[in-house]
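As structure tokens, the structure follows; a few thoughts come after it.
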Amino acid sequence: MKKQVTVMIACLVFACFQARSQRITYSDPDRDDPRTMNFEIVGKINGKVLVYKNYRDLHYIAVFDAEMRMTDKNKLEVSGGIRVLSTEFVIYPDFAYMIYQYQKKSALYCMAVKIDGSGKQSGAPIELDSTENINYASSSRIYSVIVSEDKQKIMIFKINSKSDKVHKLTTCLFDKELKLLKKSVLAINMPERNDFLSEFTVDNDGDLVCVRASGTAANDNINKITLITKPAMYDAFASNDLKLSGIFLDDIRIRADNINKHYLISSFVSKTRRGNIEGLYYSLWDKSQMKEILNANTSFSEDLKADAKGEGNSKAAFNDFFLKNIILRKDGGFIVVAESAYTSSRGNTMSRWDYLYGSPYWSPTDYYNWRSPMGSYPWGYNGVNNPNALTRYYADNVAVISFEPNGRMEWSNMIRKSQFDDNTDNFIGFGLMNTGDQLHFIFNIQEKRNLILSDQSITPGGQVERNPTFKNLDKGYDFMPRHAKQIGQRQAIVPCQYRGFTCFAKIEF
């Protein structure tokens with residue numbers, strides 16, 4: 001009898017754990033929100049979930065409690081009725097910053113406003129920097145924002161490309177209290193016609209790193225990369241060419257390994273110009289020694305290509321894959337997450353060559369901006385935006401590949417999915433949640449005419465686990481998992497639509 005009672009208690013505990021791990025809590029649609037509202041999930045502060053909402057020149061912070069009931073909706077006074085060009089949020093345990101830009105007459109301002117734990121504006125906006133004598137009406141931002149891993153350093157920067165031969169990089173480094181630590185103006189030579197600066201990262205010391213990439217033409221492979229490093233408190237930089245031996249790169253990424261004081265530079269690689277993607281390039285730069293300590297090129301096996309291809313020729317299996325996440329491990333190894341993504345418009349399929357480097361970095365104006373593509377989609381740069389044309393967006397398999405510290409592939413696996421939607425990409429793609437023991441991939445699958453939210457996870461050993469479909473999915477809610485944001489070790493906020501209105505769901509794994 002005692003043994004039976006013990007077994008029953010264990011089953012009840014397990015059942016409770018399963019129920020909690022599957023719990024979804026929905027917010028009610030805010031009927032006052034316009035259907036064309038912009039939003040961004042800020043995160044969780046003092047147990048409350050904060051969401052930024054914007055429509056035209058109106059800016060709000062909506063506050064939700066643990067049961068996703070909206071308890072407050074606070075208006076922000078940030079730009080005096082002038083249209084804001086961009087917003088970025090930096091969140092801390094007890095407050096957050098909103099960094100934004102707007103143009104007034106011939107000047108563009110980069111500002112910051114502090115938001116307290118109750119979602120209210122704390123004090124007047126702070127001017128971080130400004131750009132004068134802009135002789136055009138800008139429709140996009142000039143400044144880019146990057147934040148160190150520990151969030152103790154915040155940097156804004158802009159790139160003036162008025163001269164083809166020399167690009168002027170202006171950086172402003174701030175501490176957590178938005179105290180200006182250093183402003184620098186650097187003149188970086190551009191020896192080749194198609195040179196551009198990309199992949200900006202700031203480490204926990206406040207040091208800046210980026211790459212100067214060279215290609216034979218715009219929208220083409222990269223055949224030369226130079227690592228640019230700038231110490232936090234110096235008005236100088238070092239440039240070092242990285243070794244490329246008979247290979248071509250695209251989709252370059254940089255991650256700062258703050259534990260081992262390394263910079264990881266990685267990219268998909270092809271062996272011929274505009275050739276098929278054959279593998280992954282991997283360079284490791286030692287910050288203290290100021291030298292490249294590892295340069296590797298891993299070719300994907302035929303089995304991996306066949307696993308990734310879905311349909312079609314396995315030689316071209318990775319041609320539609322783009323790097324989405326790079327997760328650093330404490331031992332110096334790393335995990336690459338890449339997704340197959342492409343579009344078609346009136347039967348014309350757009351490949352990776354339609355998305356690459358011409359559009360993001362060249363501009364008819366003096367300034368070009370940079371936004372980290374990690375977590376975004378290739379068509380976010382140069383997608384088809386003609387409202388009169390039918391554009392179909394696709395997001396298919398996700399490749400997850402683990403590499404050892406020496407650059408050797410450790411294991412690989414595939415999250416299998418096949419998604420498409422017309423004229424919107426909000427409901428395709430995936431959200432990634434790192435719970436410490438697993439990587440969870442949440443995405444929509446089509447069942448009859450309904451979108452069902454699915455959860456698959458990968459263990460540290462590379463095994464895929466197909467978790468049960470969420471049991472308490474309410475009818476009428478369509479999830480937007482690629483806009484999801486993790487707010488705790490086992491909690492995430494996922495935006496969704498209900499009868500045309502945007503609302504938010506809290507998922508507890």
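Scheme for the structure tokens: letters A, B, ... for chains in order shown; per-chain residue numbers from 1; ligand numbers from 1 in order shown.
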
Handout entry: Residue contacts of Ile259 (chain A) (10 Å, only C-alpha atoms) excluding same-chain residues fewer than 2 positions away, as a PyMOL selection string
Key = chain A and resi 204+256-257+261-262+328-332

Residues from the last selection, N, CA and C atoms, saved as an mmCIF file, in the first residue's frame:
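Written output follows (part22.cif):
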data_model
loop_
_atom_site.group_PDB
_atom_site.id
_atom_site.type_symbol
_atom_site.label_atom_id
_atom_site.label_comp_id
_atom_site.auth_asym_id
_atom_site.auth_seq_id
_atom_site.Cartn_x
_atom_site.Cartn_y
_atom_site.Cartn_z
ATOM 1 N N ASN A 204 32.835 42.948 -23.631
ATOM 2 C CA ASN A 204 32.584 43.429 -22.277
ATOM 3 C C ASN A 204 33.580 44.493 -21.822
ATOM 4 N N ALA A 256 31.813 37.794 -29.934
ATOM 5 C CA ALA A 256 32.869 38.023 -28.955
ATOM 6 C C ALA A 256 32.772 36.966 -27.864
ATOM 7 N N ASP A 257 33.838 36.188 -27.694
ATOM 8 C CA ASP A 257 33.932 35.194 -26.621
ATOM 9 C C ASP A 257 34.597 35.880 -25.433
ATOM 10 N N LYS A 261 38.387 35.483 -24.228
ATOM 11 C CA LYS A 261 39.003 36.665 -24.860
ATOM 12 C C LYS A 261 39.344 36.380 -26.319
ATOM 13 N N HIS A 262 38.365 35.835 -27.029
ATOM 14 C CA HIS A 262 38.526 35.539 -28.451
ATOM 15 C C HIS A 262 37.414 36.227 -29.240
ATOM 16 N N LEU A 328 27.830 30.372 -28.285
ATOM 17 C CA LEU A 328 29.168 30.044 -27.801
ATOM 18 C C LEU A 328 29.090 29.142 -26.585
ATOM 19 N N ARG A 329 30.020 28.183 -26.529
ATOM 20 C CA ARG A 329 30.122 27.307 -25.370
ATOM 21 C C ARG A 329 31.295 27.749 -24.503
ATOM 22 N N LYS A 330 31.256 27.373 -23.228
ATOM 23 C CA LYS A 330 32.314 27.777 -22.307
ATOM 24 C C LYS A 330 33.666 27.200 -22.666
ATOM 25 N N ASP A 331 33.668 26.014 -23.320
ATOM 26 C CA ASP A 331 34.935 25.379 -23.662
ATOM 27 C C ASP A 331 35.556 25.943 -24.936
ATOM 28 N N GLY A 332 34.913 26.971 -25.527
ATOM 29 C CA GLY A 332 35.429 27.557 -26.751
ATOM 30 C C GLY A 332 34.779 27.009 -28.006
#

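You can rank A:Asn406, A:Ser376, A:Ile91, A:Asn54 by their closest distance to Glu149 (chain A) using only C-alpha atoms, and at the top of that list sits A:Ile91.
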
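From CA of Lys179 (chain A) back to CA of Met233 (chain A), the distance works out to 13.8 Å.
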
Problem - Residue contacts of region 274-286 of chain A (7 Å, only C-alpha atoms) excluding same-chain residues fewer than 2 positions away, as a PyMOL selection string - result: chain A and resi 220-221+261-272+288-300+315-316+318-319+407
